[in-house]
>>> print(open('structure.txt').read())   # compact mmCIF, C-alpha atoms
# COMPACT_ATOMS: atom_id res chain seq x y z
CA MET A 67 -3.53 107.59 -92.32
CA LYS A 68 -0.09 107.06 -90.82
CA LEU A 69 1.96 103.88 -90.45
CA ARG A 70 5.26 103.31 -88.75
CA PHE A 71 8.30 101.08 -88.82
CA ALA A 72 9.99 100.93 -85.43
CA PRO A 73 13.38 99.18 -85.49
CA SER A 74 15.79 99.07 -82.56
CA PRO A 75 19.31 100.27 -83.50
CA THR A 76 20.86 97.23 -81.82
CA GLY A 77 21.73 95.45 -85.07
CA TYR A 78 21.32 95.57 -88.83
CA LEU A 79 18.10 94.97 -90.74
CA HIS A 80 17.42 91.41 -91.89
CA VAL A 81 14.79 90.06 -94.26
CA GLY A 82 12.36 89.50 -91.36
CA ASN A 83 12.09 93.09 -90.21
CA ALA A 84 12.64 94.38 -93.76
CA ARG A 85 9.42 92.59 -94.69
CA LEU A 86 7.60 94.62 -92.02
CA ALA A 87 9.20 97.87 -93.19
CA ILE A 88 8.13 97.10 -96.75
CA ALA A 89 4.58 96.22 -95.68
CA ASN A 90 4.10 99.44 -93.73
CA ALA A 91 5.71 101.67 -96.36
CA LEU A 92 3.86 100.15 -99.33
CA TYR A 93 0.51 100.20 -97.53
CA ALA A 94 0.99 103.85 -96.57
CA ARG A 95 1.98 104.86 -100.11
CA ASN A 96 -0.82 102.82 -101.66
CA HIS A 97 -3.41 104.65 -99.53
CA GLY A 98 -1.87 108.11 -99.69
CA GLY A 99 -0.81 107.95 -96.05
CA LYS A 100 2.39 108.92 -94.26
CA PHE A 101 5.25 106.65 -93.25
CA LEU A 102 6.98 107.24 -89.92
CA LEU A 103 10.41 105.85 -89.04
CA ARG A 104 10.58 105.49 -85.27
CA ILE A 105 13.94 104.58 -83.80
CA ASP A 106 13.35 102.54 -80.62
CA ASP A 107 16.61 103.49 -78.92
CA THR A 108 15.74 103.36 -75.22
CA ASP A 109 18.23 100.52 -74.72
CA VAL A 110 21.20 102.81 -74.18
CA GLU A 111 23.78 100.03 -73.76
CA ARG A 112 22.95 98.15 -76.97
CA SER A 113 21.83 101.02 -79.24
CA LYS A 114 24.59 102.26 -81.54
CA ALA A 115 24.77 105.14 -84.01
CA GLU A 116 26.26 102.88 -86.71
CA TYR A 117 23.25 100.56 -86.47
CA GLU A 118 20.84 103.47 -86.85
CA GLN A 119 22.76 104.70 -89.89
CA GLY A 120 22.76 101.14 -91.23
CA ILE A 121 18.97 100.97 -90.89
CA LYS A 122 18.56 104.26 -92.74
CA THR A 123 20.97 103.14 -95.46
CA ASP A 124 19.04 99.88 -95.93
CA LEU A 125 15.66 101.63 -96.13
CA GLU A 126 16.99 104.16 -98.64
CA TRP A 127 18.50 101.33 -100.68
CA LEU A 128 15.07 99.68 -100.81
CA GLY A 129 13.54 102.99 -101.90
CA LEU A 130 11.50 103.32 -98.70
CA GLY A 131 11.85 106.98 -97.83
CA TRP A 132 10.13 108.16 -94.65
CA ASP A 133 8.00 111.26 -94.13
CA GLU A 134 8.82 111.66 -90.44
CA ILE A 135 11.39 110.35 -87.99
CA ALA A 136 11.21 110.06 -84.21
CA HIS A 137 13.62 108.79 -81.58
CA GLN A 138 12.29 107.25 -78.38
CA SER A 139 15.38 108.48 -76.52
CA GLN A 140 14.13 112.03 -77.17
CA ARG A 141 10.64 111.33 -75.79
CA LEU A 142 11.45 110.10 -72.29
CA ASP A 143 9.54 113.03 -70.75
CA ARG A 144 6.37 111.88 -72.54
CA TYR A 145 6.75 108.37 -71.14
CA ALA A 146 7.33 109.79 -67.65
CA LEU A 147 4.00 111.64 -67.84
CA ALA A 148 2.20 108.46 -68.90
CA ILE A 149 3.85 106.53 -66.07
CA GLU A 150 2.69 109.08 -63.50
CA ALA A 151 -0.83 109.04 -64.91
CA LEU A 152 -1.02 105.25 -64.62
CA LYS A 153 0.34 105.35 -61.10
CA ALA A 154 -2.21 107.97 -60.09
CA SER A 155 -5.06 105.87 -61.46
CA GLY A 156 -3.83 102.78 -59.62
CA ARG A 157 -3.19 100.84 -62.82
CA LEU A 158 0.61 100.82 -62.34
CA TYR A 159 1.72 99.17 -59.12
CA PRO A 160 5.14 98.54 -57.53
CA CYS A 161 6.63 95.06 -57.26
CA PHE A 162 9.61 93.90 -55.22
CA GLU A 163 10.03 90.19 -56.05
CA SER A 164 13.43 89.07 -57.26
CA GLU A 165 13.94 86.92 -60.36
CA LEU A 166 14.46 83.91 -58.09
CA GLU A 167 11.21 84.55 -56.23
CA LEU A 168 9.29 84.91 -59.48
CA ALA A 169 10.81 81.69 -60.83
CA ALA A 170 9.81 79.85 -57.63
CA LYS A 171 6.24 81.17 -57.91
CA ARG A 172 6.06 80.09 -61.52
CA GLU A 173 7.32 76.60 -60.66
CA ALA A 174 4.81 76.27 -57.83
CA ARG A 175 1.89 77.23 -60.09
CA LEU A 176 3.00 74.75 -62.73
CA LYS A 177 3.20 71.97 -60.13
CA ALA A 178 -0.29 72.89 -58.98
CA ARG A 179 -1.39 72.69 -62.62
CA LYS A 180 -2.28 76.37 -62.71
CA PRO A 181 -1.42 78.78 -65.51
CA PRO A 182 2.08 80.24 -64.86
CA ILE A 183 0.86 83.83 -64.69
CA TYR A 184 1.76 86.47 -62.12
CA ASP A 185 -0.34 86.16 -58.91
CA ARG A 186 -0.66 89.93 -58.26
CA ALA A 187 0.68 89.45 -54.75
CA MET A 188 2.14 92.96 -54.76
CA LEU A 189 -1.32 94.47 -55.21
CA ARG A 190 -1.98 93.42 -51.62
CA LEU A 191 1.12 95.18 -50.34
CA THR A 192 0.37 97.65 -47.54
CA PRO A 193 2.07 101.08 -47.38
CA GLU A 194 4.00 99.87 -44.35
CA GLN A 195 5.25 96.78 -46.19
CA ARG A 196 6.36 98.91 -49.14
CA GLU A 197 8.22 101.30 -46.83
CA ARG A 198 9.93 98.39 -45.15
CA ALA A 199 11.00 96.90 -48.50
CA GLU A 200 12.43 100.21 -49.67
CA ALA A 201 14.17 100.73 -46.31
CA ASN A 202 15.87 97.38 -46.86
CA GLY A 203 17.32 98.69 -50.13
CA LYS A 204 14.80 97.23 -52.56
CA THR A 205 13.76 99.31 -55.55
CA PRO A 206 10.42 98.47 -57.16
CA TYR A 207 9.71 97.71 -60.77
CA TRP A 208 6.20 98.50 -61.98
CA ARG A 209 3.50 96.29 -63.44
CA PHE A 210 0.35 97.32 -65.27
CA ARG A 211 -2.85 95.86 -63.83
CA LEU A 212 -4.74 94.42 -66.76
CA SER A 213 -8.52 94.69 -67.00
CA ASP A 214 -10.77 91.70 -66.56
CA GLY A 215 -12.36 90.32 -69.71
CA HIS A 216 -10.84 90.49 -73.16
CA LYS A 217 -9.84 92.83 -75.99
CA SER A 218 -11.11 92.20 -79.50
CA TRP A 219 -10.48 93.75 -82.89
CA ARG A 220 -10.95 93.11 -86.59
CA ASP A 221 -7.52 92.33 -88.02
CA LEU A 222 -6.82 93.16 -91.67
CA VAL A 223 -5.02 89.84 -92.13
CA MET A 224 -6.19 87.45 -89.41
CA GLY A 225 -9.84 88.51 -89.24
CA ASP A 226 -11.60 88.67 -85.87
CA LEU A 227 -9.11 88.35 -83.01
CA SER A 228 -9.55 88.40 -79.26
CA VAL A 229 -7.08 88.30 -76.35
CA LYS A 230 -8.25 87.09 -72.93
CA LEU A 231 -6.52 89.44 -70.50
CA THR A 232 -7.12 87.27 -67.43
CA ALA A 233 -4.90 84.61 -69.02
CA ILE A 234 -1.90 86.97 -69.20
CA SER A 235 0.49 88.15 -66.51
CA ASP A 236 0.30 91.84 -65.68
CA PRO A 237 3.15 93.20 -67.85
CA VAL A 238 6.15 95.03 -66.43
CA LEU A 239 6.16 98.52 -67.95
CA VAL A 240 8.96 100.15 -65.93
CA ARG A 241 12.18 98.52 -64.80
CA ALA A 242 13.64 99.01 -61.32
CA ASP A 243 16.15 101.46 -62.79
CA GLY A 244 13.30 103.59 -64.09
CA THR A 245 13.65 102.77 -67.80
CA VAL A 246 10.43 102.37 -69.71
CA LEU A 247 9.74 99.16 -71.64
CA TYR A 248 8.60 98.86 -75.26
CA THR A 249 5.00 97.98 -74.43
CA LEU A 250 4.29 101.37 -72.84
CA ALA A 251 6.64 103.53 -74.92
CA SER A 252 5.14 102.21 -78.16
CA VAL A 253 1.60 102.96 -76.98
CA VAL A 254 2.50 106.53 -76.02
CA ASP A 255 4.22 107.08 -79.36
CA ASP A 256 1.37 105.64 -81.41
CA MET A 257 -1.16 107.79 -79.55
CA GLU A 258 0.82 111.04 -79.67
CA LEU A 259 2.44 110.75 -83.11
CA GLY A 260 -0.85 110.10 -84.89
CA VAL A 261 -0.32 106.49 -85.98
CA THR A 262 -3.53 104.98 -87.31
CA HIS A 263 -2.53 101.61 -88.79
CA ILE A 264 -0.07 99.11 -87.31
CA ILE A 265 1.28 96.24 -89.41
CA ARG A 266 3.50 93.83 -87.49
CA GLY A 267 4.18 90.13 -86.93
CA GLU A 268 1.68 87.69 -85.49
CA ASP A 269 3.99 87.21 -82.50
CA HIS A 270 2.60 90.59 -81.32
CA ILE A 271 -1.06 89.49 -81.17
CA THR A 272 -1.08 89.04 -77.38
CA ASN A 273 0.86 92.27 -77.03
CA THR A 274 -1.80 94.07 -79.08
CA GLY A 275 -4.47 93.03 -76.58
CA VAL A 276 -2.33 94.38 -73.74
CA GLN A 277 -1.61 97.63 -75.56
CA LEU A 278 -5.28 98.22 -76.31
CA ASP A 279 -5.91 97.97 -72.56
CA ILE A 280 -3.12 100.48 -71.86
CA ILE A 281 -4.49 102.87 -74.48
CA GLU A 282 -7.85 102.81 -72.73
CA ALA A 283 -6.22 103.31 -69.33
CA LEU A 284 -4.46 106.41 -70.68
CA GLY A 285 -7.74 107.87 -71.91
CA GLY A 286 -7.23 106.99 -75.55
CA ARG A 287 -9.63 105.39 -78.03
CA PRO A 288 -8.57 101.83 -78.93
CA ASN A 289 -10.88 101.78 -81.96
CA ARG A 290 -8.80 104.57 -83.48
CA PHE A 291 -6.18 101.99 -84.42
CA THR A 292 -6.34 99.40 -87.18
CA PHE A 293 -4.11 96.34 -86.88
CA ALA A 294 -2.72 93.81 -89.33
CA HIS A 295 -0.64 90.89 -88.07
CA LEU A 296 1.50 89.18 -90.69
CA PRO A 297 2.18 85.44 -90.29
CA LEU A 298 5.65 84.33 -89.26
CA LEU A 299 8.44 84.05 -91.79
CA LEU A 300 10.11 80.62 -91.73
CA ASP A 301 13.21 79.24 -93.41
CA GLU A 302 13.16 76.66 -96.22
CA GLY A 303 12.97 73.82 -93.70
CA GLY A 304 10.06 75.32 -91.79
CA GLY A 305 12.18 76.48 -88.83
CA LYS A 306 12.32 79.90 -87.25
CA LEU A 307 14.09 82.30 -89.54
CA SER A 308 15.48 84.20 -86.55
CA LYS A 309 18.26 81.63 -86.21
CA ARG A 310 19.56 82.62 -89.64
CA PHE A 311 19.05 86.37 -89.64
CA ASP A 312 22.79 87.18 -89.62
CA ALA A 313 23.21 85.48 -92.98
CA LEU A 314 20.18 87.32 -94.38
CA SER A 315 20.94 90.91 -93.46
CA LEU A 316 20.13 93.51 -96.09
CA ARG A 317 23.69 94.78 -96.03
CA ALA A 318 24.88 91.23 -96.91
CA LEU A 319 22.36 90.95 -99.75
CA ARG A 320 23.38 94.38 -101.02
CA HIS A 321 27.07 93.48 -100.81
CA ASP A 322 26.43 90.28 -102.76
CA GLY A 323 24.77 92.26 -105.56
CA MET A 324 21.07 91.67 -104.92
CA GLU A 325 18.84 94.25 -106.59
CA PRO A 326 16.64 96.26 -104.18
CA GLN A 327 13.70 95.88 -106.56
CA SER A 328 13.99 92.10 -106.21
CA VAL A 329 13.95 92.26 -102.41
CA VAL A 330 10.89 94.52 -102.35
CA SER A 331 9.12 92.48 -105.05
CA TYR A 332 9.75 89.23 -103.17
CA LEU A 333 9.09 90.31 -99.59
CA SER A 334 5.93 92.22 -100.52
CA LYS A 335 4.37 89.10 -102.05
CA ILE A 336 5.77 86.26 -99.95
CA GLY A 337 3.00 84.47 -98.08
CA SER A 338 0.28 85.93 -100.27
CA SER A 339 -1.89 84.68 -103.12
CA ASP A 340 0.20 86.75 -105.55
CA ASP A 341 3.26 85.15 -107.14
CA PRO A 342 6.41 87.29 -106.72
CA VAL A 343 7.49 88.77 -110.05
CA PRO A 344 10.07 91.48 -110.78
CA MET A 345 8.39 94.86 -110.28
CA THR A 346 9.35 98.49 -110.02
CA LEU A 347 8.78 100.16 -106.66
CA GLU A 348 5.76 101.96 -108.13
CA GLN A 349 4.27 98.64 -109.25
CA SER A 350 4.91 97.13 -105.79
CA ILE A 351 3.08 100.06 -104.17
CA ALA A 352 0.12 99.88 -106.55
CA SER A 353 -0.30 96.11 -106.15
CA TYR A 354 0.13 95.83 -102.38
CA ASP A 355 -3.01 94.35 -100.83
CA LEU A 356 -3.27 92.95 -97.29
CA SER A 357 -6.42 91.02 -98.22
CA HIS A 358 -4.20 88.75 -100.36
CA VAL A 359 -1.96 87.78 -97.42
CA SER A 360 -2.42 84.23 -96.14
CA LYS A 361 -3.01 83.47 -92.46
CA SER A 362 -0.42 80.70 -92.64
CA ALA A 363 3.30 81.10 -92.05
CA ALA A 364 5.37 81.96 -95.11
CA ARG A 365 8.68 80.36 -96.06
CA PHE A 366 11.62 82.45 -97.15
CA ASP A 367 13.33 80.73 -100.07
CA MET A 368 16.68 82.19 -101.06
CA GLN A 369 16.63 80.29 -104.36
CA HIS A 370 13.29 81.87 -105.20
CA LEU A 371 14.70 85.33 -104.44
CA LEU A 372 17.81 84.59 -106.52
CA GLY A 373 15.64 83.41 -109.39
CA LEU A 374 13.59 86.58 -109.23
CA ASN A 375 16.77 88.67 -109.12
CA ARG A 376 18.10 86.76 -112.13
CA ARG A 377 14.94 87.54 -114.11
CA LEU A 378 15.22 91.19 -113.20
CA LEU A 379 18.90 91.46 -114.18
CA HIS A 380 18.31 89.70 -117.48
CA SER A 381 15.68 92.30 -118.35
CA LEU A 382 17.85 95.33 -117.59
CA SER A 383 19.18 97.36 -120.50
CA PHE A 384 22.70 98.74 -120.65
CA GLU A 385 21.33 102.17 -119.72
CA ASP A 386 19.70 100.68 -116.59
CA VAL A 387 22.89 99.08 -115.33
CA LYS A 388 25.84 101.01 -116.77
CA VAL A 389 26.57 102.98 -113.59
CA ARG A 390 27.25 99.66 -111.81
CA LEU A 391 29.49 98.18 -114.50
CA PRO A 392 33.31 98.23 -114.26
CA GLN A 393 35.04 101.20 -115.84
CA GLY A 394 35.40 100.61 -119.55
CA ALA A 395 32.58 98.06 -119.80
CA ASP A 396 30.34 98.78 -122.78
CA GLU A 397 26.98 97.63 -124.08
CA ALA A 398 28.52 94.68 -125.91
CA PHE A 399 29.94 93.39 -122.64
CA TRP A 400 26.62 93.71 -120.80
CA ASN A 401 24.66 92.05 -123.59
CA ALA A 402 27.19 89.20 -123.64
CA ILE A 403 27.11 88.42 -119.90
CA ARG A 404 23.71 89.54 -118.54
CA GLY A 405 22.10 86.17 -119.22
CA ASN A 406 24.66 84.56 -116.90
CA VAL A 407 24.51 86.73 -113.79
CA ASP A 408 22.27 86.10 -110.79
CA LEU A 409 23.77 88.97 -108.77
CA THR A 410 25.49 92.18 -109.82
CA GLY A 411 28.42 91.04 -107.69
CA GLU A 412 29.16 88.47 -110.41
CA ILE A 413 29.68 91.12 -113.09
CA ALA A 414 33.23 91.84 -111.93
CA PHE A 415 34.16 88.18 -112.43
CA TRP A 416 33.12 88.23 -116.09
CA TRP A 417 34.95 91.51 -116.58
CA ASP A 418 38.12 89.77 -115.39
CA VAL A 419 37.38 86.98 -117.83
CA VAL A 420 37.29 89.31 -120.83
CA GLN A 421 39.68 92.07 -119.75
CA GLY A 422 41.67 90.85 -116.76
CA GLU A 423 43.40 87.74 -115.51
CA ILE A 424 42.05 84.31 -114.57
CA ALA A 425 43.62 81.30 -112.89
CA PRO A 426 44.70 79.02 -115.75
CA PRO A 427 43.01 75.61 -115.65
CA ALA A 428 45.07 72.42 -115.72
CA LEU A 429 44.82 71.25 -119.35
CA SER A 430 48.32 69.91 -120.06
CA ASP A 431 46.75 66.69 -121.37
CA GLU A 432 45.08 68.84 -124.06
CA ALA A 433 48.31 70.59 -125.07
CA ALA A 434 48.30 69.26 -128.62
CA PHE A 435 44.68 70.27 -129.19
CA LEU A 436 45.26 73.75 -127.70
CA ALA A 437 48.28 74.19 -130.00
CA GLN A 438 46.01 73.39 -132.95
CA ALA A 439 43.52 75.93 -131.58
CA GLU A 440 46.21 78.60 -131.51
CA GLN A 441 47.26 77.82 -135.08
CA THR A 442 43.71 77.98 -136.46
CA LEU A 443 42.65 81.15 -134.59
CA PRO A 444 41.51 83.80 -137.12
CA ALA A 445 43.59 86.92 -137.56
CA ALA A 446 42.83 90.06 -135.60
CA PRO A 447 40.53 91.80 -135.11
CA LEU A 448 38.20 89.15 -133.74
CA ASP A 449 34.48 89.79 -134.28
CA SER A 450 31.13 88.03 -133.83
CA GLU A 451 31.87 85.73 -136.79
CA SER A 452 35.33 84.69 -135.56
CA TRP A 453 34.10 81.95 -133.21
CA LYS A 454 32.26 80.09 -135.96
CA LEU A 455 35.17 80.40 -138.38
CA TRP A 456 37.62 79.27 -135.70
CA THR A 457 35.70 76.23 -134.49
CA ASN A 458 34.98 75.08 -138.05
CA ALA A 459 38.67 75.26 -138.89
CA LEU A 460 39.64 73.55 -135.63
CA LYS A 461 37.08 70.81 -136.25
CA GLU A 462 38.71 70.06 -139.58
CA ALA A 463 42.23 70.12 -138.13
CA SER A 464 41.54 68.03 -135.02
CA GLY A 465 38.69 65.77 -136.11
CA ARG A 466 36.86 66.69 -132.91
CA LYS A 467 33.26 67.79 -132.53
CA GLY A 468 30.68 68.50 -129.83
CA LYS A 469 31.83 68.66 -126.23
CA ALA A 470 35.30 67.33 -127.05
CA LEU A 471 35.79 70.36 -129.28
CA PHE A 472 34.09 73.13 -127.31
CA HIS A 473 34.66 72.24 -123.64
CA PRO A 474 38.50 72.50 -123.60
CA LEU A 475 38.24 75.88 -125.33
CA ARG A 476 35.75 77.20 -122.79
CA LEU A 477 37.91 75.97 -119.90
CA ALA A 478 41.08 77.47 -121.34
CA LEU A 479 39.51 80.85 -122.17
CA THR A 480 37.25 81.38 -119.14
CA GLY A 481 38.28 78.86 -116.49
CA GLU A 482 34.61 77.85 -116.22
CA ASP A 483 32.54 74.87 -117.32
CA ALA A 484 29.68 77.12 -118.40
CA GLY A 485 28.97 80.75 -119.06
CA PRO A 486 28.15 83.33 -121.71
CA GLU A 487 28.29 82.46 -125.40
CA LEU A 488 31.91 82.39 -126.53
CA HIS A 489 31.10 83.99 -129.87
CA ALA A 490 30.21 87.13 -127.89
CA LEU A 491 33.15 86.91 -125.45
CA LEU A 492 35.86 86.31 -128.05
CA PRO A 493 35.85 89.85 -129.54
CA LEU A 494 35.88 91.30 -126.02
CA MET A 495 38.96 89.26 -125.06
CA GLY A 496 41.03 90.13 -128.09
CA ARG A 497 43.42 87.86 -130.01
CA GLU A 498 46.47 88.35 -127.78
CA ARG A 499 44.62 87.39 -124.59
CA VAL A 500 43.06 84.34 -126.26
CA ILE A 501 46.49 83.10 -127.42
CA ARG A 502 48.05 83.72 -124.00
CA ARG A 503 45.33 81.71 -122.26
CA LEU A 504 45.60 78.82 -124.68
CA GLN A 505 49.34 78.70 -124.04
CA GLU A 506 49.02 79.00 -120.25
CA ALA A 507 46.39 76.24 -120.05
CA ALA A 508 48.56 73.92 -122.18
CA LEU A 509 51.46 74.35 -119.74
CA THR A 510 49.46 73.94 -116.51
>>> encode(input="structure.txt", output="structure tokens")
Amino acid sequence: MKLRFAPSPTGYLHVGNARLAIANALYARNHGGKFLLRIDDTDVERSKAEYEQGIKTDLEWLGLGWDEIAHQSQRLDRYALAIEALKASGRLYPCFESELELAAKREARLKARKPPIYDRAMLRLTPEQRERAEANGKTPYWRFRLSDGHKSWRDLVMGDLSVKLTAISDPVLVRADGTVLYTLASVVDDMELGVTHIIRGEDHITNTGVQLDIIEALGGRPNRFTFAHLPLLLDEGGGKLSKRFDALSLRALRHDGMEPQSVVSYLSKIGSSDDPVPMTLEQSIASYDLSHVSKSAARFDMQHLLGLNRRLLHSLSFEDVKVRLPQGADEAFWNAIRGNVDLTGEIAFWWDVVQGEIAPPALSDEAAFLAQAEQTLPAAPLDSESWKLWTNALKEASGRKGKALFHPLRLALTGEDAGPELHALLPLMGRERVIRRLQEAALT
């Protein structure tokens, strides 16, 4: 068994194509198969080395190592052989219509209430007409003549599927400049690189029917391949997620402090009958099951992912997370703040709260109370009991209780309305920093 993930290095990975990478990798690992990373870099103008490296970095961050790697730009000779074979068999034929001519034909068919598919006019081109077109400076592009009838297969997610080929335009496989298009290149790669299972989005269903026809035309065995088409991924409002991919790139999630385990746990279960829960990569592999995937579109919910990430972070021990903590941060710091972080990117903020500087809040109207707080603060060193001793003494001195007592202290010491328990933060801050903040807040 071999599965593949085939990104184009024309941009960074987002949650949509990361979901496909995760599906293919987990399925391969679960069944003892191999995972191929195929870089679809035939688009020379848009493909960039930094995007390819970004894709690799993202996959490694997720823990999805690959067994093999292939680059389409290094396989152009294989595509050329397939092109010549299809030409020789008469299945690939030259076309000379311009974009304007094709648009006019499409409009005419629509007005005549006919399906807007290609009319195969170029199949009737005589050798003399082709010579005349080329003599006039026209260079042909090449279409694949689809078979009559339909192509059917048993899909691992969608069940029995069938594509009526006569309802589809003959696809262009080779541009006028000679570059091969994805539909053919992908078929040649899958056939020659030993791919057996293909998991991709449901927007490829029609394309699968076409590719099965091409496989047969090249002398391959279509039944050698097993397909699974995952339903579309939508945003919270039910719209196409593609409009928001830039905000949901893996590099952005990583930069914000999302845990890779959370991303894999969430994207491997979204749209299935299994509720996403924090899992190790090994648990995600062992539990991955395409039979649990729904046929309906799934909705990506950032709040759900954040909640899952929060649960994961709260469960991590100091040993699990210490390499990502600021220099000098100890177990007491992590235990104090871990219940209040949704993303590891927030850890640095709480480190500044206990060991750095914060913007003093405007509490000049509480100056008298804060002065009382300074006077009643226990002597150094502050420990886990100091908060209780302090607030009891301050309660007696000020006559305050509840929110009126605690909220000004929290604002002055942390600059926040909510956060970790102050009895745990106080010893980490130290007496001098606490006094300085009380004084600064009273003057602001």
>>> closest_residue(input="structure.txt", among="A:Asp185, A:Glu268, A:Glu482, A:Asp143", to="Val254 (chain A)", atoms="all atoms listed in the file")
A:Asp143
>>> residues_around(input="structure.txt", residues="region 461-463 of chain A", least_positions_apart="4", cutoff="12 Å", atoms="all atoms listed in the file", output="PyMOL selection string")
chain A and resi 434-443+453-457+467-472
>>> closest_residue(input="structure.txt", among="A:Leu299, A:Gln505, A:Leu378, A:Lys388", to="Arg365 (chain A)", atoms="only C-alpha atoms")
A:Leu299
>>> residues_around(input="structure.txt", residues="Asn83 (chain A)", least_positions_apart="2", cutoff="10 Å", atoms="all atoms listed in the file", output="ChimeraX atom specification")
/A:71-73,78-81,85-89,266-267,299,311,315-316
>>> closest_atom_pairs(input="structure.txt", of="region 158-272 of chain A", to="region 360-364 of chain A", cutoff="10 Å", atoms="all atoms listed in the file", output="Markdown table")
| residue | atom | partner | partner_atom | distance |
| --- | --- | --- | --- | --- |
| A:Val223 | CA | A:Lys361 | CA | 6.7 |
| A:Met224 | CA | A:Lys361 | CA | 5.9 |
| A:Gly225 | CA | A:Lys361 | CA | 9.1 |
| A:Glu268 | CA | A:Lys361 | CA | 9.4 |
>>> atom_distance(input="structure.txt", atom1="CA of Gln369 (chain A)", atom2="CA of Pro297 (chain A)")
20.8 Å
>>> closest_atom_pairs(input="structure.txt", of="region 393-412 of chain A", to="region 371-377 of chain A", cutoff="7 Å", atoms="only C-alpha atoms", output="CSV")
residue,atom,partner,partner_atom,distance
A:Val407,CA,A:Arg376,CA,6.6
A:Asp408,CA,A:Arg376,CA,4.4
A:Leu409,CA,A:Arg376,CA,7.0
>>> closest_residue(input="structure.txt", among="A:Arg95, A:Arg175, A:Arg499, A:His370", to="Pro344 (chain A)", atoms="all atoms listed in the file")
A:His370
>>> axis_aligned_box(input="structure.txt", around="region 338-350 of chain A", padding_each_side="8 Å", output="JSON")
{"center_x": 4.1, "center_y": 93.3, "center_z": -105.5, "size_x": 28.0, "size_y": 33.3, "size_z": 26.5}
>>> closest_residue(input="structure.txt", among="A:Tyr93, A:Thr292, A:Val253, A:Asp449", to="Asp221 (chain A)", atoms="all atoms listed in the file")
A:Thr292
>>> atom_distance(input="structure.txt", atom1="CA of Thr272 (chain A)", atom2="CA of Val229 (chain A)")
6.1 Å
>>> atom_distance(input="structure.txt", atom1="CA of Ala425 (chain A)", atom2="CA of Phe384 (chain A)")
28.3 Å
>>> closest_residue(input="structure.txt", among="A:Gly422, A:Pro206, A:Pro193, A:Gly305", to="Gly394 (chain A)", atoms="all atoms listed in the file")
A:Gly422
>>> residues_around(input="structure.txt", residues="Leu391 (chain A)", least_positions_apart="6", cutoff="10 Å", atoms="only C-alpha atoms", output="CSV table (one decimal) with C-alpha atoms, keeping the file's coordinate frame")
chain,number,residue,atom,x,y,z
A,384,PHE,CA,22.7,98.7,-120.6
A,397,GLU,CA,27.0,97.6,-124.1
A,399,PHE,CA,29.9,93.4,-122.6
A,400,TRP,CA,26.6,93.7,-120.8
A,410,THR,CA,25.5,92.2,-109.8
A,411,GLY,CA,28.4,91.0,-107.7
A,413,ILE,CA,29.7,91.1,-113.1
A,414,ALA,CA,33.2,91.8,-111.9
A,417,TRP,CA,35.0,91.5,-116.6
>>> residues_near_point(input="structure.txt", point="(-0.1, 101.0, -106.1)", cutoff="12 Å", atoms="all atoms listed in the file", output="PyMOL selection string")
chain A and resi 91-98+345-355
>>> residues_near_point(input="structure.txt", point="(-1.3, 106.7, -80.3)", cutoff="10 Å", atoms="all atoms listed in the file", output="number ranges by chain")
A: 252-263, 281, 286-288, 290-291
>>> closest_residue(input="structure.txt", among="A:Ile121, A:Ala478, A:Leu298, A:Ala428", to="Thr510 (chain A)", atoms="all atoms listed in the file")
A:Ala428
>>> residues_around(input="structure.txt", residues="Leu247 (chain A)", least_positions_apart="3", cutoff="10 Å", atoms="all atoms listed in the file", output="MDAnalysis selection string")
chainID A and resid 108:109 145 237:241 244 250:252
>>> residues_around(input="structure.txt", residues="Leu492 (chain A)", least_positions_apart="5", cutoff="8 Å", atoms="only C-alpha atoms", output="list in words")
Val420, Leu448, Asp449, Ser450, Ser452, Trp453, Arg497 and Val500 of chain A
